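Text of coords-v1.txt, listed as compact mmCIF, N, CA and C atoms:
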```
# COMPACT_ATOMS: atom_id res chain seq x y z
N MET M 653 3.31 -16.91 17.91
CA MET M 653 1.95 -17.40 17.97
C MET M 653 1.79 -18.29 19.18
N PRO M 654 0.75 -18.15 19.93
CA PRO M 654 0.54 -19.01 21.09
C PRO M 654 0.39 -20.46 20.66
N GLY M 655 1.10 -21.35 21.34
CA GLY M 655 0.97 -22.76 21.07
C GLY M 655 1.69 -23.24 19.82
N GLU M 656 2.41 -22.38 19.14
CA GLU M 656 3.10 -22.78 17.92
C GLU M 656 4.38 -23.53 18.27
N THR M 657 4.61 -24.64 17.59
CA THR M 657 5.81 -25.42 17.81
C THR M 657 6.58 -25.53 16.51
N SER M 658 7.80 -26.07 16.58
CA SER M 658 8.57 -26.24 15.36
C SER M 658 7.87 -27.22 14.42
N THR M 659 7.13 -28.19 14.97
CA THR M 659 6.37 -29.12 14.15
C THR M 659 5.32 -28.37 13.34
N ASP M 660 4.62 -27.42 13.97
CA ASP M 660 3.63 -26.62 13.27
C ASP M 660 4.28 -25.85 12.12
N VAL M 661 5.40 -25.24 12.39
CA VAL M 661 6.07 -24.43 11.38
C VAL M 661 6.45 -25.30 10.19
N ASP M 662 6.97 -26.49 10.42
CA ASP M 662 7.31 -27.39 9.33
C ASP M 662 6.08 -27.75 8.51
N ALA M 663 4.96 -28.03 9.16
CA ALA M 663 3.73 -28.39 8.46
C ALA M 663 3.20 -27.19 7.67
N LEU M 664 3.29 -26.01 8.21
CA LEU M 664 2.82 -24.82 7.50
C LEU M 664 3.58 -24.64 6.19
N ALA M 665 4.84 -24.96 6.17
CA ALA M 665 5.65 -24.83 4.95
C ALA M 665 5.24 -25.87 3.89
N LEU M 666 4.56 -26.93 4.30
CA LEU M 666 4.11 -27.96 3.37
C LEU M 666 2.81 -27.61 2.67
N LEU M 667 2.12 -26.58 3.14
CA LEU M 667 0.82 -26.23 2.57
C LEU M 667 1.02 -25.41 1.29
N PRO M 668 0.52 -25.92 0.16
CA PRO M 668 0.66 -25.16 -1.08
C PRO M 668 -0.29 -23.97 -1.10
N LEU M 669 0.14 -22.92 -1.74
CA LEU M 669 -0.67 -21.70 -1.86
C LEU M 669 -1.44 -21.71 -3.17
N PRO M 670 -2.50 -20.92 -3.22
CA PRO M 670 -3.16 -20.71 -4.52
C PRO M 670 -2.16 -20.05 -5.47
N ASP M 671 -2.50 -19.98 -6.75
CA ASP M 671 -1.63 -19.36 -7.76
C ASP M 671 -1.26 -17.95 -7.31
N VAL M 672 0.01 -17.73 -7.07
CA VAL M 672 0.49 -16.45 -6.56
C VAL M 672 0.13 -15.30 -7.49
N ASN M 673 0.12 -15.56 -8.78
CA ASN M 673 -0.20 -14.49 -9.74
C ASN M 673 -1.65 -14.03 -9.66
N ARG M 674 -2.49 -14.81 -9.04
CA ARG M 674 -3.90 -14.45 -8.91
C ARG M 674 -4.25 -13.87 -7.53
N LEU M 675 -3.29 -13.83 -6.64
CA LEU M 675 -3.54 -13.32 -5.30
C LEU M 675 -3.56 -11.79 -5.31
N SER M 676 -4.41 -11.25 -4.45
CA SER M 676 -4.47 -9.80 -4.30
C SER M 676 -3.29 -9.33 -3.45
N ARG M 677 -3.04 -8.06 -3.49
CA ARG M 677 -1.96 -7.50 -2.67
C ARG M 677 -2.18 -7.79 -1.18
N PRO M 678 -3.41 -7.59 -0.64
CA PRO M 678 -3.62 -7.93 0.78
C PRO M 678 -3.34 -9.41 1.09
N GLN M 679 -3.60 -10.30 0.14
CA GLN M 679 -3.30 -11.72 0.37
C GLN M 679 -1.79 -11.96 0.39
N THR M 680 -1.05 -11.31 -0.48
CA THR M 680 0.40 -11.52 -0.51
C THR M 680 1.09 -10.83 0.65
N GLU M 681 0.44 -9.83 1.22
CA GLU M 681 1.01 -9.13 2.38
C GLU M 681 0.56 -9.73 3.70
N GLY M 682 -0.38 -10.69 3.66
CA GLY M 682 -0.81 -11.36 4.87
C GLY M 682 -1.85 -10.61 5.69
N THR M 683 -2.53 -9.63 5.09
CA THR M 683 -3.57 -8.92 5.85
C THR M 683 -4.92 -9.61 5.75
N ILE M 684 -5.09 -10.46 4.72
CA ILE M 684 -6.29 -11.29 4.61
C ILE M 684 -5.85 -12.72 4.30
N CYS M 685 -6.72 -13.68 4.58
CA CYS M 685 -6.41 -15.10 4.38
C CYS M 685 -6.10 -15.36 2.91
N VAL M 686 -5.02 -16.08 2.68
CA VAL M 686 -4.59 -16.37 1.31
C VAL M 686 -5.59 -17.30 0.60
N TRP M 687 -6.40 -18.05 1.34
CA TRP M 687 -7.35 -18.97 0.72
C TRP M 687 -8.76 -18.40 0.62
N CYS M 688 -9.31 -17.89 1.71
CA CYS M 688 -10.71 -17.45 1.68
C CYS M 688 -10.89 -15.94 1.60
N GLY M 689 -9.83 -15.19 1.84
CA GLY M 689 -9.92 -13.73 1.75
C GLY M 689 -10.52 -13.05 2.97
N SER M 690 -10.75 -13.80 4.05
CA SER M 690 -11.31 -13.16 5.24
C SER M 690 -10.24 -12.33 5.95
N GLY M 691 -10.69 -11.29 6.65
CA GLY M 691 -9.77 -10.45 7.40
C GLY M 691 -9.11 -11.23 8.53
N LEU M 692 -7.89 -10.89 8.82
CA LEU M 692 -7.14 -11.59 9.86
C LEU M 692 -6.79 -10.65 11.00
N ILE M 693 -6.74 -11.21 12.19
CA ILE M 693 -6.24 -10.47 13.34
C ILE M 693 -4.98 -11.19 13.82
N PRO M 694 -4.04 -10.45 14.38
CA PRO M 694 -2.76 -11.07 14.74
C PRO M 694 -2.89 -12.32 15.61
N TYR M 695 -3.85 -12.36 16.52
CA TYR M 695 -3.95 -13.49 17.45
C TYR M 695 -4.37 -14.78 16.74
N THR M 696 -5.19 -14.70 15.71
CA THR M 696 -5.71 -15.91 15.07
C THR M 696 -5.04 -16.24 13.73
N ALA M 697 -4.35 -15.32 13.13
CA ALA M 697 -3.72 -15.55 11.83
C ALA M 697 -2.55 -16.52 11.97
N ARG M 698 -2.37 -17.37 10.98
CA ARG M 698 -1.23 -18.28 10.96
C ARG M 698 -0.26 -17.82 9.89
N ASP M 699 0.94 -17.53 10.27
CA ASP M 699 1.98 -17.08 9.35
C ASP M 699 2.47 -18.28 8.55
N LEU M 700 2.36 -18.21 7.24
CA LEU M 700 2.76 -19.32 6.38
C LEU M 700 4.20 -19.21 5.93
N GLY M 701 4.90 -18.21 6.42
CA GLY M 701 6.31 -18.03 6.10
C GLY M 701 6.51 -17.33 4.76
N ALA M 702 7.64 -16.70 4.63
CA ALA M 702 7.96 -16.03 3.36
C ALA M 702 8.04 -17.07 2.26
N ARG M 703 7.44 -16.75 1.14
CA ARG M 703 7.44 -17.66 -0.01
C ARG M 703 7.95 -16.92 -1.24
N PRO M 704 8.68 -17.62 -2.10
CA PRO M 704 9.16 -16.97 -3.32
C PRO M 704 7.99 -16.67 -4.26
N CYS M 705 8.15 -15.62 -5.02
CA CYS M 705 7.14 -15.20 -5.99
C CYS M 705 7.75 -15.27 -7.38
N ARG M 706 7.03 -15.82 -8.33
CA ARG M 706 7.55 -15.93 -9.69
C ARG M 706 7.82 -14.56 -10.30
N ARG M 707 7.15 -13.54 -9.81
CA ARG M 707 7.37 -12.19 -10.32
C ARG M 707 8.64 -11.58 -9.72
N GLY M 708 9.30 -12.33 -8.88
CA GLY M 708 10.50 -11.84 -8.21
C GLY M 708 10.18 -11.44 -6.78
N GLY M 709 11.14 -11.57 -5.92
CA GLY M 709 10.93 -11.20 -4.53
C GLY M 709 10.22 -12.29 -3.75
N GLN M 710 9.58 -11.86 -2.66
CA GLN M 710 8.88 -12.79 -1.78
C GLN M 710 7.52 -12.23 -1.41
N ILE M 711 6.63 -13.14 -1.01
CA ILE M 711 5.35 -12.75 -0.46
C ILE M 711 5.31 -13.27 0.98
N PHE M 712 4.39 -12.73 1.76
CA PHE M 712 4.31 -13.07 3.18
C PHE M 712 2.88 -13.45 3.55
N PRO M 713 2.40 -14.58 3.02
CA PRO M 713 1.00 -14.96 3.21
C PRO M 713 0.71 -15.46 4.62
N ARG M 714 -0.56 -15.28 4.99
CA ARG M 714 -1.06 -15.83 6.25
C ARG M 714 -2.43 -16.44 5.97
N GLY M 715 -2.87 -17.31 6.85
CA GLY M 715 -4.16 -17.95 6.67
C GLY M 715 -4.96 -17.92 7.95
N CYS M 716 -6.28 -18.03 7.80
CA CYS M 716 -7.14 -18.14 8.98
C CYS M 716 -7.07 -19.58 9.49
N GLY M 717 -7.42 -19.76 10.75
CA GLY M 717 -7.33 -21.09 11.36
C GLY M 717 -8.11 -22.17 10.63
N SER M 718 -9.33 -21.85 10.20
CA SER M 718 -10.12 -22.90 9.56
C SER M 718 -9.56 -23.28 8.20
N CYS M 719 -9.06 -22.32 7.44
CA CYS M 719 -8.45 -22.65 6.14
C CYS M 719 -7.15 -23.43 6.32
N VAL M 720 -6.35 -23.06 7.31
CA VAL M 720 -5.10 -23.77 7.56
C VAL M 720 -5.41 -25.23 7.93
N ARG M 721 -6.39 -25.45 8.80
CA ARG M 721 -6.76 -26.82 9.17
C ARG M 721 -7.27 -27.60 7.95
N ALA M 722 -8.11 -26.96 7.13
CA ALA M 722 -8.65 -27.64 5.95
C ALA M 722 -7.55 -27.99 4.96
N GLN M 723 -6.63 -27.07 4.73
CA GLN M 723 -5.53 -27.34 3.80
C GLN M 723 -4.60 -28.42 4.35
N ALA M 724 -4.35 -28.39 5.66
CA ALA M 724 -3.50 -29.42 6.27
C ALA M 724 -4.15 -30.80 6.15
N ALA M 725 -5.47 -30.87 6.33
CA ALA M 725 -6.18 -32.15 6.19
C ALA M 725 -6.11 -32.65 4.75
N ARG M 726 -6.24 -31.74 3.80
CA ARG M 726 -6.18 -32.10 2.38
C ARG M 726 -4.79 -32.63 2.03
N VAL M 727 -3.75 -31.91 2.45
CA VAL M 727 -2.38 -32.33 2.16
C VAL M 727 -2.06 -33.64 2.88
N TYR M 728 -2.54 -33.79 4.11
CA TYR M 728 -2.35 -35.03 4.87
C TYR M 728 -2.94 -36.22 4.11
N ALA M 729 -4.17 -36.07 3.60
CA ALA M 729 -4.83 -37.16 2.87
C ALA M 729 -4.04 -37.57 1.64
N ILE M 730 -3.43 -36.62 0.97
CA ILE M 730 -2.60 -36.93 -0.20
C ILE M 730 -1.29 -37.57 0.25
N HIS M 731 -0.69 -37.00 1.27
CA HIS M 731 0.61 -37.44 1.75
C HIS M 731 0.61 -38.92 2.13
N VAL M 732 -0.38 -39.35 2.91
CA VAL M 732 -0.38 -40.73 3.42
C VAL M 732 -0.56 -41.76 2.31
N THR M 733 -1.00 -41.34 1.13
CA THR M 733 -1.16 -42.28 0.02
C THR M 733 0.06 -42.29 -0.90
N GLN M 734 1.03 -41.38 -0.65
CA GLN M 734 2.18 -41.29 -1.54
C GLN M 734 3.53 -41.42 -0.87
N CYS M 735 3.58 -41.25 0.43
CA CYS M 735 4.86 -41.31 1.16
C CYS M 735 5.27 -42.76 1.40
N GLY M 736 6.47 -43.10 1.01
CA GLY M 736 6.98 -44.46 1.18
C GLY M 736 6.98 -44.91 2.62
N HIS M 737 7.37 -44.06 3.54
CA HIS M 737 7.38 -44.41 4.96
C HIS M 737 5.97 -44.65 5.46
N CYS M 738 5.07 -43.74 5.15
CA CYS M 738 3.69 -43.85 5.64
C CYS M 738 2.98 -45.06 5.05
N LEU M 739 3.28 -45.39 3.80
CA LEU M 739 2.69 -46.57 3.17
C LEU M 739 3.16 -47.86 3.84
N ARG M 740 4.34 -47.83 4.44
CA ARG M 740 4.86 -48.99 5.18
C ARG M 740 4.45 -48.95 6.64
N ASN M 741 3.48 -48.08 6.95
CA ASN M 741 2.95 -47.92 8.31
C ASN M 741 4.03 -47.46 9.29
N THR M 742 4.94 -46.63 8.78
CA THR M 742 5.97 -46.01 9.59
C THR M 742 5.80 -44.50 9.43
N PRO M 743 4.92 -43.88 10.25
CA PRO M 743 4.63 -42.46 10.06
C PRO M 743 5.90 -41.60 10.08
N CYS M 744 6.00 -40.74 9.08
CA CYS M 744 7.15 -39.83 8.99
C CYS M 744 6.83 -38.53 9.74
N ALA M 745 7.83 -37.68 9.87
CA ALA M 745 7.66 -36.41 10.59
C ALA M 745 6.64 -35.50 9.89
N ASP M 746 6.63 -35.50 8.56
CA ASP M 746 5.65 -34.67 7.84
C ASP M 746 4.23 -35.10 8.15
N ARG M 747 4.00 -36.41 8.15
CA ARG M 747 2.65 -36.92 8.47
C ARG M 747 2.22 -36.49 9.85
N THR M 748 3.11 -36.64 10.82
CA THR M 748 2.80 -36.28 12.19
C THR M 748 2.50 -34.78 12.30
N ALA M 749 3.31 -33.97 11.65
CA ALA M 749 3.12 -32.51 11.71
C ALA M 749 1.83 -32.10 11.02
N LEU M 750 1.53 -32.68 9.85
CA LEU M 750 0.29 -32.34 9.14
C LEU M 750 -0.93 -32.78 9.95
N ARG M 751 -0.87 -33.94 10.54
CA ARG M 751 -2.01 -34.43 11.36
C ARG M 751 -2.25 -33.49 12.53
N HIS M 752 -1.18 -33.09 13.18
CA HIS M 752 -1.30 -32.18 14.31
C HIS M 752 -1.93 -30.85 13.86
N LEU M 753 -1.45 -30.32 12.76
CA LEU M 753 -1.95 -29.05 12.26
C LEU M 753 -3.41 -29.16 11.83
N ALA M 754 -3.78 -30.27 11.20
CA ALA M 754 -5.16 -30.48 10.75
C ALA M 754 -6.14 -30.60 11.92
N SER M 755 -5.67 -31.08 13.06
CA SER M 755 -6.55 -31.28 14.20
C SER M 755 -6.44 -30.17 15.24
N GLU M 756 -5.60 -29.19 14.99
CA GLU M 756 -5.38 -28.09 15.92
C GLU M 756 -6.69 -27.36 16.27
N GLY M 757 -6.92 -27.17 17.53
CA GLY M 757 -8.09 -26.43 17.98
C GLY M 757 -9.36 -27.26 18.05
N ARG M 758 -9.25 -28.55 17.79
CA ARG M 758 -10.41 -29.45 17.87
C ARG M 758 -10.24 -30.36 19.05
N SER M 759 -11.33 -30.72 19.70
CA SER M 759 -11.23 -31.62 20.84
C SER M 759 -11.47 -33.04 20.44
```

Would you write the structure of this file as structure tokens?
Amino acid sequence: MPGETSTDVDALALLPLPDVNRLSRPQTEGTICVWCGSGLIPYTARDLGARPCRRGGQIFPRGCGSCVRAQAARVYAIHVTQCGHCLRNTPCADRTALRHLASEGRS
């Protein structure tokens, strides 16, 4: 992915998915956004990495840019209120990665 860094990849792994049992096959295969169901194109889709499935095996979800940013902002807001390091005003690597991901593509 253009512009993807290891920090982005770490933050993407922190984003929780909707209930896997309720996802459609195209969502678990990464052909549509796992959150909003919009069609994805390779250039704009964000690979969320292989994830375990309770039914056995793995799924390969992807998300659209706007959903990934929204989910990263949501997780960031929760993280900064619960992380011991962040509460002591010592930003941790997860906070930095989530903030970067949440602001990606915005000026």

To test your reading of the structure, identify every residue in region 689-748 of chain M that backbone DSSP assigns to strand (DSSP E or B), and report it as an mmCIF file with N, CA and C atoms, keeping the file's coordinate frame.
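Heads up, here's the output in out-v3.cif:
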```cif
data_model
loop_
_atom_site.group_PDB
_atom_site.id
_atom_site.type_symbol
_atom_site.label_atom_id
_atom_site.label_comp_id
_atom_site.auth_asym_id
_atom_site.auth_seq_id
_atom_site.Cartn_x
_atom_site.Cartn_y
_atom_site.Cartn_z
ATOM 1 N N GLY M 691 -10.690 -11.290 6.650
ATOM 2 C CA GLY M 691 -9.770 -10.450 7.400
ATOM 3 C C GLY M 691 -9.110 -11.230 8.530
ATOM 4 N N ARG M 698 -2.370 -17.370 10.980
ATOM 5 C CA ARG M 698 -1.230 -18.280 10.960
ATOM 6 C C ARG M 698 -0.260 -17.820 9.890
ATOM 7 N N ASP M 699 0.940 -17.530 10.270
ATOM 8 C CA ASP M 699 1.980 -17.080 9.350
ATOM 9 C C ASP M 699 2.470 -18.280 8.550
ATOM 10 N N ARG M 703 7.440 -16.750 1.140
ATOM 11 C CA ARG M 703 7.440 -17.660 -0.010
ATOM 12 C C ARG M 703 7.950 -16.920 -1.240
ATOM 13 N N PRO M 704 8.680 -17.620 -2.100
ATOM 14 C CA PRO M 704 9.160 -16.970 -3.320
ATOM 15 C C PRO M 704 7.990 -16.670 -4.260
ATOM 16 N N GLN M 710 9.580 -11.860 -2.660
ATOM 17 C CA GLN M 710 8.880 -12.790 -1.780
ATOM 18 C C GLN M 710 7.520 -12.230 -1.410
ATOM 19 N N ILE M 711 6.630 -13.140 -1.010
ATOM 20 C CA ILE M 711 5.350 -12.750 -0.460
ATOM 21 C C ILE M 711 5.310 -13.270 0.980
ATOM 22 N N ARG M 714 -0.560 -15.280 4.990
ATOM 23 C CA ARG M 714 -1.060 -15.830 6.250
ATOM 24 C C ARG M 714 -2.430 -16.440 5.970
ATOM 25 N N GLY M 715 -2.870 -17.310 6.850
ATOM 26 C CA GLY M 715 -4.160 -17.950 6.670
ATOM 27 C C GLY M 715 -4.960 -17.920 7.950
#
```

Exercise for the section: Would you mind writing down, as number ranges by chain, each residue of chain M that DSSP on the backbone assigns to helix (DSSP H, G or I)? Expected result: M: 658-666, 672-674, 677-681, 717-734, 736-739, 745-755

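Reported to one decimal place, the separation of CA of Leu692 (chain M) from CA of Gly717 (chain M) is 9.6 Å.
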
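A straight line drawn from atom N of Ser676 (chain M) to atom C of Gly689 (chain M) is 9.8 Å long.
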
Handout entry: Test item: which residues lie within 6.5 Å of (-0.8, -16.3, 7.3) counting all atoms listed in the file, as a ChimeraX atom specification
Key = /M:682,685-686,697-701,712-716

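Of the residues listed (M:Val672, M:Ala665, M:Cys744, M:Ala754), M:Ala754 shows the shortest atom-to-atom separation from Ala725 (chain M); distances use only C-alpha atoms.
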
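Reported to one decimal place, the separation of CA of Ala663 (chain M) from CA of Leu753 (chain M) is 6.9 Å.
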
Exercise for the section: Just the residues within 6 Å of Ile711 (chain M), please, counting only C-alpha atoms, with nothing from its chain fewer than 3 positions along; format it as an NGL selection string. Expected result: :M and (680 or 702-703)

Problem - Surrounding residues of Leu667 (chain M) excluding itself and chain neighbours under 6 positions, 7 Å, only N, CA and C atoms, as a ChimeraX atom specification - result: /M:723-724,727
